[in-house]
Each structure stands twice: as C-alpha cells, then as structure tokens.
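Participant: Please find one structure pasted underneath; my questions will follow.
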Amino acid sequence: MIEPQATSQDISVGCGQVLEQGEIEFYQAILPPLVAGLYRLVTEQVVTLKVDEKKYDLTTPFQVDGPRFRLQPNDVQQVYPPANLTGQYEESLPHVVFRLPTLPWSRTIDGSAASGDTVTTPWLALLTLYPDELSTTIQQMTLNDLLSPADANVLGPVIDKAQFTPEELAQPLLAIDIPSAVFNGVTPSINDLPFLAHSRQVNTDGKEILGLVADGYFSVVIGNRLPKSGAQNSALVVSLEGQQSRIRGNTPPPAGTFVRVAVLASWNFTAAAARGDFIEILRAIPDLGGVELLQMPHDEFTGTLTTAETTAQEALDTGYVPLLNNTRSGEETTSWYRSPGVPEATSLDPFGPYAISDMAIRYDPGPMDDTTPGSGLFNVTYACAWQIGRLLALSDSAFARMLFRWRVDLHNNHDDEQLVDDLLERLPSLARMQSSGGTGASPVRENRQARAPVPPLRLADAAPYAFLDFWLNAGRLIEQAELPRVVRHEHRSDARLPGVIAPAALRAVAESDDPLTELMQRIFNATEVTS
Amino acid sequence: MSRAPMHRRAISFWNLVERSAKTLSPTALADTDPVEIPPDIVRWLAHAMLLYGVPFEYLVPHPAMLPQESFRFFHIDQNWLLRLVEGAVSAGVGSSRDAIAVLSQVDAVVSAAADKAVAVRSELRGKAAPDPDPIPTLIWTGFLLRSTVVSGWVGMEVSALDGSGNPLTLLRIDRLSPTVLFCLIKGVPAKIELMEPPETLHFGVLHDSGGYNVALRGLGYGGFDPGIQIKPAVTASVPTVTGSYSGVLDINGAATNLKNALQAKGALSPQGTFTSCEFAIEMVRAAGLQSFEPKAN
C-alpha cells in the first residue's frame, strides 16, 4: 500500500565537451595564473663583446591585486540559505557562490608563494555561528585596527604590516571578534578546507539550477557546520589568511582571548524548529493515521450479522456517514451523508437531473423483519450537494446575474423557435407534399382545422413551389458567401434584407388569416399576390 | 455590467422553406441554433465541479475520517458533482418554465464545465491548457493528506502516475488548511508521488537514527553515470566533530568515508582522485521523494 522510497533526485553533471542545458560541470579549482601578491619582474641581458661581457638588468616590481579584506557587493552571486529567511535548513550546509571563479585560490592562507599547478588551500571559509556564540557584532574598522588591535586580548591575523602603505592601512573594512574557543571549535581544519571550495561551470538555458541565473564559471564555498534549528544563525565569509595556527586542529589560543577576522560577506537566516525529515514523516503515516480510503472508521462487525448490521456495514464501507439531521418539520433524526470523495467509483444516477433538492433525497425503508435489509434512514447526500451548489451560486452575485441573463436568452430563443413552429404548422408542409408525391393532398394540417376557420388556400397546389427552388439555392449561396462575422446587434440589417422576416413581422404572419399569402406579400413586398 | 439587449433572431424565408421541406411535423425539429452557454458560467461551474468553495465539513463529514498524519484516497462521485451543478444553475428559478429551460441545458452545461475543469489549473498558473481529452469523462479521483509535511514543505510537488507510469493530469492541488492538502486527479492513479520542493537543491546531509549520511552518486566511472544516484542506494556516513560545538562536520573524515565507499563500489576514477569537485557532487542534497499506492477496492 505504501512504498517507502528514499530515492533522491539526481543532478545533471556535465562531463562532455559541450555543456548541455541545465548541466553543471564541477571543477576542483580554477587556479589564477598568479596568486595575488607582490612580484618583481627581473630582466637581464648579457651583451658579449670581443673584449668583455656587459650585463644589463632591470627590475620592475608589480602587484597582482585581488580581494583580500573586502568584496564588492556584486562579487557574491548567491547565498544559501537565503538571507533573512526562515526555513527548514537544519540539514543543509550553507554555501556562497562567487562570481569570481578563482577567488578561493587567488591567494594563499599562509602568504607563501604558490608552486606551479598545485591546488592551494583556500583562504576563505564560511562559518556558521549560533546566536549564543557571538558576544560582539560585526564592526567597521580600518585595516590597521584589524592587524594590530588595541586590546591585547584580541588577536589579529598574522600578516606582515610592512607591505601596506599608510593609505591602505587607513582603509575601512568589516571585521568581527570571535571568542578564541569558538573560533577554534567551529572553523574547518586545514585538511577540511580543500574540500570546501570548488568551481563550477553552469549552463542555465531556460532552467533554474541551484538558483544561478547566469551562465559561466563560478566558485563556491561550502560551510562546514549544520545550522541550529529554532534559532537565528549567522553565516560569515571570513578570511583565514594569517589565522592558520588558530583554526580547528591547532591548540586553541588562551581562554578569554578573541580572534579578530575580516568579514568579506555575512548574512543571517533562521532555521525553523526541527520538523523531522520529509521522508521520515511520510513513512510514518501508515503507522499513525494510515493510508486508507475516505471512510468513516468503525469497529469490526463480528459474528453473524443481522440484516441491519449488514446494511450498516455496507453503508459505512461505501463512504456513508450517519449524521444528525434537523428536518424541516423540526424533527431530529439521523440521516446518511456521503462526501463527494467516495471509496469506489460510482455509476450515474439514472433519475437526474433534479429541479429541486428534495427530489434527490432517497429513503431507505427500515427492516420490517430480519430478512429485509434496510436502515430506515434518509440519504440526503445529493440533496446536500444540490443545496451547496445553489448556495454557492447565490453567494456570488456576479454569477447569479450571468445566470439570470442566460436564462432570459434561453426563453427568448425558445419563444422565437415557438413562433416559427407555429407558422410552419399553418403553412403547407413541403415535406408532406413531397412524401405524398405532390399529388395535391391538403397542405393544411388536420389539427389546425379544428381551430378558428381558416380560409382555404387559394393558390394552386404545385404552382407556388416552382419559385422555391430558386429561393432554396439563393439561400445556400447567401450562406456560403463570406460575410463579416461580428456585427453589433443594433447594426445588423439582416432583418431588413429581402427574404428575411423580423420576429415581430413573423408573429403577424403566423396570426393572420392566410399565412401563406401574408408571407408572400411581405417577402416580395407586394401588395397583392394573384394566382 | 450593462449589455446590449438580447438579439432576437430574424428568420430567412429560405430557412422556413428548408425546415418545412425537412420534416413532417415542425414541432419535432430540434433547436437548430441553441443558445451558447456563456463562457463565464462554464468557468464558474468548472471551479464548482473542482469543489472550490464547498465547505470542508461536506468533504470530510466526520473528523475521524481524516486523523492527524493520514493519507486518504478517494474516487469522485460524479452524481455529487451533477447535483452540485444542477443546484447552482437552479438558483433563483422562479417558474416551471425557468426550471425546464435550465434542466434542458444541464447535460450540455455539465460536459462543458467538465471539459473546462481540466484547464482550470493551468489557467490559474498562467500555463497552456493540456490537450483536450478526446473522450471527456468524469472519472476523477483524488486524495487528502493531513500531515506536518504539508505545512513544513510548502511547494511540495505532487505527481500521479497511471499503471504504465504515465503522468495523469492534476485538476487541483490546494491546501485547505495549513496541514491539509487536497488534490484532484483526472483518471485513476496507480501511484502518487510526493516530492520535496526541488528549488531547495543545496548541500546537505540526510539524518537518520545512526547520524548523518549521504547517498552516493556516480562520477562517470565504473559504469555509474555522473550525478545519478547509485542504485541500490549506498550511503557513506558523515562524522561530526566531538566537542562543545555541535553541528560541526568532520569534512576530511567525511571525504575519506566517501572516497572509501566509492572505491569499494568501483565508482572512483582509476587514479583514485577525490577532490572538492567529487565532494561537491556527493554532498548535493537533492529532493526526497515518497510514493503512495492507493489501495484497490
């Protein structure tokens, strides 16, 4: 009945030459040609002359710059969990997506030079901090404050200050003081860091994948800590440059000290109170409320059932529920009711449709003896459905108005039809003439003869129909002609066209003493028709 | 909502003659030009047939029928829907003439509304309507789910599959209360699948009684397609760091476990490479999926 499946959805990983739509290609790292830092370009030229050698050299210092203590706002493509949102994140690792594909490897954690193509340890980490672990907030300070904190208990990153100019030292940045024990407890170890950053190429044509909207290369840093449920968590992208001796795996700095780290990005999110796991909750359903059909639960009927019990069991099994019913006469009784959702497919009620709800009430006669089944109860299911439908219609005045207009249209249509029928009944019937071989049987219908005296038709039996062929064909031609389809009613001229009779005129024709003659006159606009 | 007065149809002489030529008894003629059912009425009735606005007590007449943490499958009683429509179009009927005019149209109204009901959901979502059914039927089913997953996973995806695995049209998916999901399906499903909202694709772990773990995905080696979960599912545990700070994962330890599990499965590259990119593929926590099979009655 329930099939427990813990299948996860697969992800589209690209590995071919061409990245298909919606695929992601993962890279261990995208290395910059040069990590950020100070370089010297040394040029040396040796000129060998006949007499001696001369050496010329030139040293050009240059700097490869890169984000170090702060990021531009648009460097961050996406964060997860979304900032300032509450959600079910207790089993998710936060992550941050950067637009700079080389960012985590653009400098080294210890300031050393990168050697060749080896992947360096990322210098960025994404920390998840619980509310009680932070005693201070993120502060704006200068680079000088970060590197040499005024308070001796605050430990700044170990970075050589001499490489910065006074202007650079005065530049503002964001930093936070984290208690040393916390910092040492929650940061990734030096062995963890390489696994927590990767790059990816995304092709997002027409499809949203991981919330990335742009194609291209991105770098991703994953957090190493699950959020605390039922609390606000702070996610901090911090620079670990110069902090490698204080992260987890090292002896923590003395108690009471703080580690001051530069914060490159930060956001808060709230992990909602633990709600368990999607699959676990769903798998528990069969044991709790059960996976059943929509039925009224009842105790087992045991032993030999009486006919009344058989009826009751059958009714309950097919979805009926006995409910208190206040009848119109004031009597209180129990009646059967059944939801539109029933345990098994139903067959069509052959007695519908019903003009009033009471017609839909069914009565099940009570058991006269032990052999006749029956409950002696009313079944008001369909009467309820009928009344709900009417109440819904009445509660929506716009619908009620539409309904009313539609009904007027129906009546008008019916009136028009009736008028034509009346007229046709008084006119000679072409069909009957044809079926009787056109030999001159009376075209006036017998039942009409009993009515007011109708003057006998003066037209010869067959003669008037000679022109009908023409009209028959003309009508078809008109029918086939391309006419504008939508014409406002008041602008329609069809009622004035020759051969067309407006409803009011039709009534006059139908009620005249000699409808055929009258009709001819109106159609041909003649004052007299002579035979 | 003013409107031009009803256009009274003029009749052409040709039409009169044709009708006279076709039948012996003019009154036996069917209505040759029936009044079109206004589309707004059809739309309203289609919503009504999807049980929009029907009080919850009439859907679940007794609380015991839908206890907490329960799944209830049902067929839709077509007679119930027919009576509902009849009641709706009978509002304000003032004469027997009204009643007859309305009841003469009920069949047409019901089939138009049933056709329309199939398109209501796509219309509400601003999507293209599904292809019209060649043989429209009122064989509808549905289910009620009362569970904390309904409130906890807003945006949960529902799919209904028939016996051969083809998806059935979903007529309505609605939360009737924070914890009650109501779904109507066209046809009789063999399987109903509930899936976590896929937009939460992210890194994470699965939690069970034994701690945290992840289900392994293939990396394109050893016959396992990249990104596709290895079946039957193989999991690797993700250890946490013991200490006074909870929730910190031992990433290096997890990477070692993943590498060993993949190596045991032969799913690792011949060089045995396991870096941050393999780690990322394995750690993507994708949406969970749970299926239910309605009991045959």
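Going through the structure tokens in order, the chains are called A, B, and so on, while each chain numbers its residues from 1 and the ligands are numbered from 1 in the order shown.
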List the spatial neighbours of A:Thr59 as number ranges by chain - criterion: any atom at most 9 Å away, only C-alpha atoms, same-chain residues fewer than 6 positions off excluded.
Facilitator: A: 40-44
Participant: Show me, as a list in words, the residues that have an atom within 9 Å of stretch 206-214 of chain B when counting only C-alpha atoms, minus same-chain residues fewer than 2 positions from it.
Facilitator: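 Final neighbour list, sorted by chain and number: Glu91, Ser92, Gly276, Asp277 and Glu280 of chain A; Gly204, Leu216, Val234, Thr235, Ala236, Ser237, Val238, Pro239, Thr240, Ala254, Leu258, Glu282, Met283, Val284 and Arg285 of chain B.
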Participant: Please extract the residues of stretch 314-388 of chain A with a backbone DSSP assignment of strand (DSSP E or B) and present them as a PyMOL selection string.
Facilitator: chain A and resi 320-326+332-338+341-342+362-363+378-379
Participant: Pick out the residues sitting within 12 Å of A:Glu167, and hand them over as JSON, numbers by chain; count only C-alpha atoms, and ignore anything fewer than 4 positions along from it in its own chain.
Facilitator: {"A": [142, 143, 144, 163, 171, 172]}
Participant: Could you turn the residues from that selection into a file that holds N, CA and C atoms, as a PDB file, in the first residue's frame?
Facilitator:
```pdb
ATOM      1  N   THR A 142      39.461  50.030  10.519  1.00  0.00           N
ATOM      2  CA  THR A 142      40.467  50.186   9.468  1.00  0.00           C
ATOM      3  C   THR A 142      41.331  48.928   9.426  1.00  0.00           C
ATOM      4  N   LEU A 143      42.073  48.815   8.352  1.00  0.00           N
ATOM      5  CA  LEU A 143      42.967  47.670   8.215  1.00  0.00           C
ATOM      6  C   LEU A 143      43.974  47.649   9.363  1.00  0.00           C
ATOM      7  N   ASN A 144      44.374  48.824   9.787  1.00  0.00           N
ATOM      8  CA  ASN A 144      45.318  48.913  10.895  1.00  0.00           C
ATOM      9  C   ASN A 144      44.711  48.329  12.169  1.00  0.00           C
ATOM     10  N   GLN A 163      53.945  45.604   4.346  1.00  0.00           N
ATOM     11  CA  GLN A 163      53.647  45.624   2.924  1.00  0.00           C
ATOM     12  C   GLN A 163      52.557  46.628   2.577  1.00  0.00           C
ATOM     13  N   GLN A 171      42.268  52.208   5.245  1.00  0.00           N
ATOM     14  CA  GLN A 171      41.024  51.885   4.538  1.00  0.00           C
ATOM     15  C   GLN A 171      40.071  51.100   5.432  1.00  0.00           C
ATOM     16  N   PRO A 172      38.760  51.357   5.266  1.00  0.00           N
ATOM     17  CA  PRO A 172      37.804  50.680   6.144  1.00  0.00           C
ATOM     18  C   PRO A 172      37.534  49.248   5.680  1.00  0.00           C
TER      19      PRO A 172
END
```
Participant: So, with only C-alpha atoms as the atoms that count, which of A:Trp105, A:Tyr217, A:Tyr382, A:Phe98 lies closest to chain B?
Facilitator: A:Tyr382
Participant: Identify which of the residues A:Glu133, A:Glu344, A:Glu314, A:Asp52 lies closest to B:Ile76, counting only C-alpha atoms when measuring atom-to-atom distances.
Facilitator: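 Under the stated criterion, the closest residue is A:Glu344.
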Participant: Excluding B:Val188 and its own-chain neighbours fewer than 5 positions away, which residues fall within 10 Å of it when counting only C-alpha atoms? Please give them as a list in words.
Facilitator: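 Result of the neighbour search: Ala345 of chain A; Phe74, His75, Ile139, Trp140, Thr141, Gly142, Ala160, Leu161, Asp162, Gly163, Leu168 and Pro294 of chain B.
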Participant: Excluding stretch 69-86 of chain A and its own-chain neighbours fewer than 4 positions away, which residues fall within 7 Å of it when counting only C-alpha atoms? Please give them as a PyMOL selection string.
Facilitator: chain A and resi 94-100+173+262+264+267-272
